[in-house]
Structures are given as C-alpha cells and as structure tokens.
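Asker: First the structure, which I've put down as structure tokens, then a few questions once you've had a look.
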Protein chains: 2
Amino acid sequence: LSNKGTRTERELFNKLWEKGYGVMRSPASGGARKHQQPDILFSDGDMLFAVECKSTSKKRVYIEKKEIKDLLEFCKRFGSMALIGLRFDREDWVIIDPGNLVDTGGKNFRADKERAMKKGIDLEKF
Amino acid sequence: LSNKGTRTERELFNKLWEKGYGVMRSPASGGARKHQQPDILFSDGDMLFAVECKSTSKKRVYIEKKEIKDLLEFCKRFGSMALIGLRFDREDWVIIDPGNLVDTGGKNFRADKERAMKKGIDLEKF
C-alpha cells in the first residue's frame, strides 16, 4: 500500500466507526503474508463484511484475481460478506459487490469508476 | 508489543488458522490508535472471538483495565466474545475468559499462571 492508500483507508475506517459499526484494519498489506487478510473488516454486531480497498487517481483500477480468491477464502472461514471498497480521486469511498467487477480475461479484475459510482452500496442500508 | 510478543502472536495466529478458524491480526499494538482493536480476531464461521494477548516470562501478567474496556467496546460493536490469550514461557498458548482475571484494585487486572492453566478454554470445544 502507498501512503495515500493508508491515509484513505483510515478515512474509510473512521467513516464506518462514526456510523456505529465495529471496524478492524489489517496490518499493512503486502504479498509476504501467508494468509491474506482483507484491508478492513466491519460489522453491525450481526453481519460481518470484509472489504478489499483500492484508491486510484484514474478512472479504472485493477484488482488481482488472486486477491479476490484470498478474500473469498477469508470470507468462507469468517462467514462474512466480501465487498470491494473504491476511492476515486475527488470522490467519497464507494463500496461495491465483487460481482460488479469486470473480468479482463487476464490475471486481473477491473473496476470502472462510472459503473462503480452507480452500483455503490449505501452504507446506511446494511 | 515487543518482538517476542509479535512472534508469539504469530504462533497463535497459525495455530488457530491450522485448526480451520478464520483469523485476523490487528496492526502492531500501540497506544496511539484512536480506536483500539483486539490483537487477534477469529471465527468458526458463526461465532466471533476477540482476543487480547499477553506474553510473559513471569508467573503473572498485568493487563490495564483500559485495555479490557476497549476490548468490550469492540466486542459490543462486533457482537463478538471477549477472550484473553496468555503465553507463559515454556507453555503453549492458553485462552481464558476475562472473568478469570483478578482485580488488583489499581488500574490493572492480573492473570496468574497457575489459575490460567487450570481455567484455560479448550479451542477444540468452540
């Protein structure tokens, strides 16, 4: 994670906390860890949500399929719901269902800004 | 956390993971964070357990009441059960209910090795 990624993730953490959710951040990302953890885990005291986060200054952002695979493995063990958190420059965080990612055919999925802003899940609705 | 604390916590992480639990570690401990997180959060896919960890070479170990207060606040938001993980030298990790801590009358609770080893919760039983 870049410093910017860390800063914007803290933004999401605080936002969720202020809405009353329980929130936990994982240690700084890195490929070195044996068992990957989602960037943020949050809960309303009943359901549990695991979020993989991406910040970008572009209009699209790529997420390795391996990251999604790890996220789903984590969610299976925790009984949590997998979510993708996206932070596009000059926008607020938007949270989408991984089903809204586009398969590039290669080793990545892609999130497009326009689609994400439209498909974003309203945090108040959980 | 000392390096030793970090190393022994990784031991507990791996042990829980190998037993099939979902496990998440919090970023390195430190008083600087605004919202404290438990050292380890784990789940059997249904119930969720938040563990505050202590390693010691002594026969007793102190835990600030503030830490327990933060742990309970976290658990309230997550709907998780609060646990204390203790790692005494030359022993395996033992997990106890916070109710087995002794109130020192001051700003700490205390965990005694002998009592903890007797009251330890069997992880297989969750």
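How things are named: the first chain in the structure tokens is A, the next is B, and so on; residues count from 1 in each chain; ligands count from 1 in the order shown.
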Using backbone DSSP assignments, extract all strand (DSSP E or B) residues from chain A; output them as number ranges by chain.

Answerer: A: 22-25, 40-43, 48-56, 60-64, 81-88, 94-96, 102-103, 108-112

Asker: Which of range 35-110 of chain B counts as helix (DSSP H, G or I) under DSSP, as number ranges by chain please?

Answerer: B: 65-78, 98-100

Asker: Using only C-alpha atoms, pick whichever of A:Ile121, A:Val23, A:Leu83, A:Leu12 has the shortest atom-to-atom distance to chain B.

Answerer: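 Residue with the minimum atom-to-atom distance to chain B: A:Val23.
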
Asker: As a VMD selection string, could you give me every residue of chain B near chain A (at most 10 Å apart, counting only C-alpha atoms)?

Answerer: chain B and resid 13 to 14 17 20 to 28 34 to 38 41 to 48 73 to 80

Asker: Residues at most 9 Å from Lys19 in chain A, counting only C-alpha atoms, excluding those fewer than 3 positions away in the same chain, as an mmCIF file with N, CA, C and O atoms, in the first residue's frame?

Answerer:
```
data_model
loop_
_atom_site.group_PDB
_atom_site.id
_atom_site.type_symbol
_atom_site.label_atom_id
_atom_site.label_comp_id
_atom_site.auth_asym_id
_atom_site.auth_seq_id
_atom_site.Cartn_x
_atom_site.Cartn_y
_atom_site.Cartn_z
ATOM 1 N N ASN A 14 -12.636 5.468 9.757
ATOM 2 C CA ASN A 14 -13.296 6.460 10.610
ATOM 3 C C ASN A 14 -14.756 6.659 10.241
ATOM 4 O O ASN A 14 -15.615 6.795 11.101
ATOM 5 N N LYS A 15 -15.006 6.648 8.943
ATOM 6 C CA LYS A 15 -16.372 6.831 8.465
ATOM 7 C C LYS A 15 -17.275 5.703 8.972
ATOM 8 O O LYS A 15 -18.387 5.944 9.450
ATOM 9 N N LEU A 16 -16.780 4.479 8.864
ATOM 10 C CA LEU A 16 -17.560 3.318 9.316
ATOM 11 C C LEU A 16 -17.757 3.360 10.826
ATOM 12 O O LEU A 16 -18.842 3.120 11.347
ATOM 13 N N LEU A 123 -24.199 2.559 2.598
ATOM 14 C CA LEU A 123 -23.826 2.010 3.908
ATOM 15 C C LEU A 123 -24.956 2.091 4.940
ATOM 16 O O LEU A 123 -25.016 1.284 5.867
ATOM 17 N N GLU A 124 -25.822 3.046 4.768
ATOM 18 C CA GLU A 124 -26.941 3.186 5.712
ATOM 19 C C GLU A 124 -27.891 1.999 5.591
ATOM 20 O O GLU A 124 -28.694 1.753 6.486
#
```

Asker: Please report the interatomic distance between CA of Asp97 in chain B and CA of Lys54 in chain B in Å with one decimal.

Answerer: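 Pair CA of Asp97 in chain B / CA of Lys54 in chain B returns 13.6 Å.
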
Asker: Find the residue from A:Lys107, A:Gly120, A:Val94, A:Phe88 that sits nearest to Lys69 in chain A; use only C-alpha atoms when measuring.

Answerer: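 Ranking A:Lys107, A:Gly120, A:Val94, A:Phe88 by distance to Lys69 in chain A, first place goes to A:Lys107.
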
Asker: Using only C-alpha atoms, determine which residues lie at most 12 Å from Glu91 in chain B, disregarding the query and same-chain residues fewer than 2 positions distant; provide the list as a PyMOL selection string.

Answerer: chain B and resi 8+55-59+86-89+93-95+113-114+116-117

Asker: Please, could you write that set of residues out with C-alpha atoms as a short mmCIF file (atom, residue, chain, number, x, y, z; two decimals), in the first residue's frame?

Answerer:
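Okay, this is what ended up in selection.cif:
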```cif
data_model
loop_
_atom_site.label_atom_id
_atom_site.label_comp_id
_atom_site.auth_asym_id
_atom_site.auth_seq_id
_atom_site.Cartn_x
_atom_site.Cartn_y
_atom_site.Cartn_z
CA THR B 8 4.31 -15.49 19.84
CA SER B 55 3.26 -12.98 26.61
CA THR B 56 5.39 -13.15 29.72
CA SER B 57 8.40 -14.86 31.22
CA LYS B 58 6.88 -14.37 34.69
CA LYS B 59 4.19 -16.27 36.56
CA LEU B 86 -1.84 -15.83 27.62
CA ARG B 87 1.54 -17.20 26.67
CA PHE B 88 3.71 -18.11 29.64
CA ASP B 89 7.31 -19.16 28.95
CA TRP B 93 -0.97 -20.50 24.49
CA VAL B 94 -3.86 -20.63 26.90
CA ILE B 95 -7.12 -18.78 26.37
CA LYS B 113 -0.23 -18.67 35.54
CA GLU B 114 -1.49 -21.49 37.73
CA ALA B 116 -4.96 -19.60 33.93
CA MET B 117 -3.58 -23.04 33.03
#
```

Asker: So, counting only C-alpha atoms, which residue among B:Ala50, B:Phe109, B:Ala82, B:Pro98 is closest to Lys65 in chain B?

Answerer: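 Closest to Lys65 in chain B, using only C-alpha atoms: B:Phe109.
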
Asker: Quick one, how far is CA of Lys4 in chain B from CA of Phe49 in chain B?

Answerer: 22.9 Å
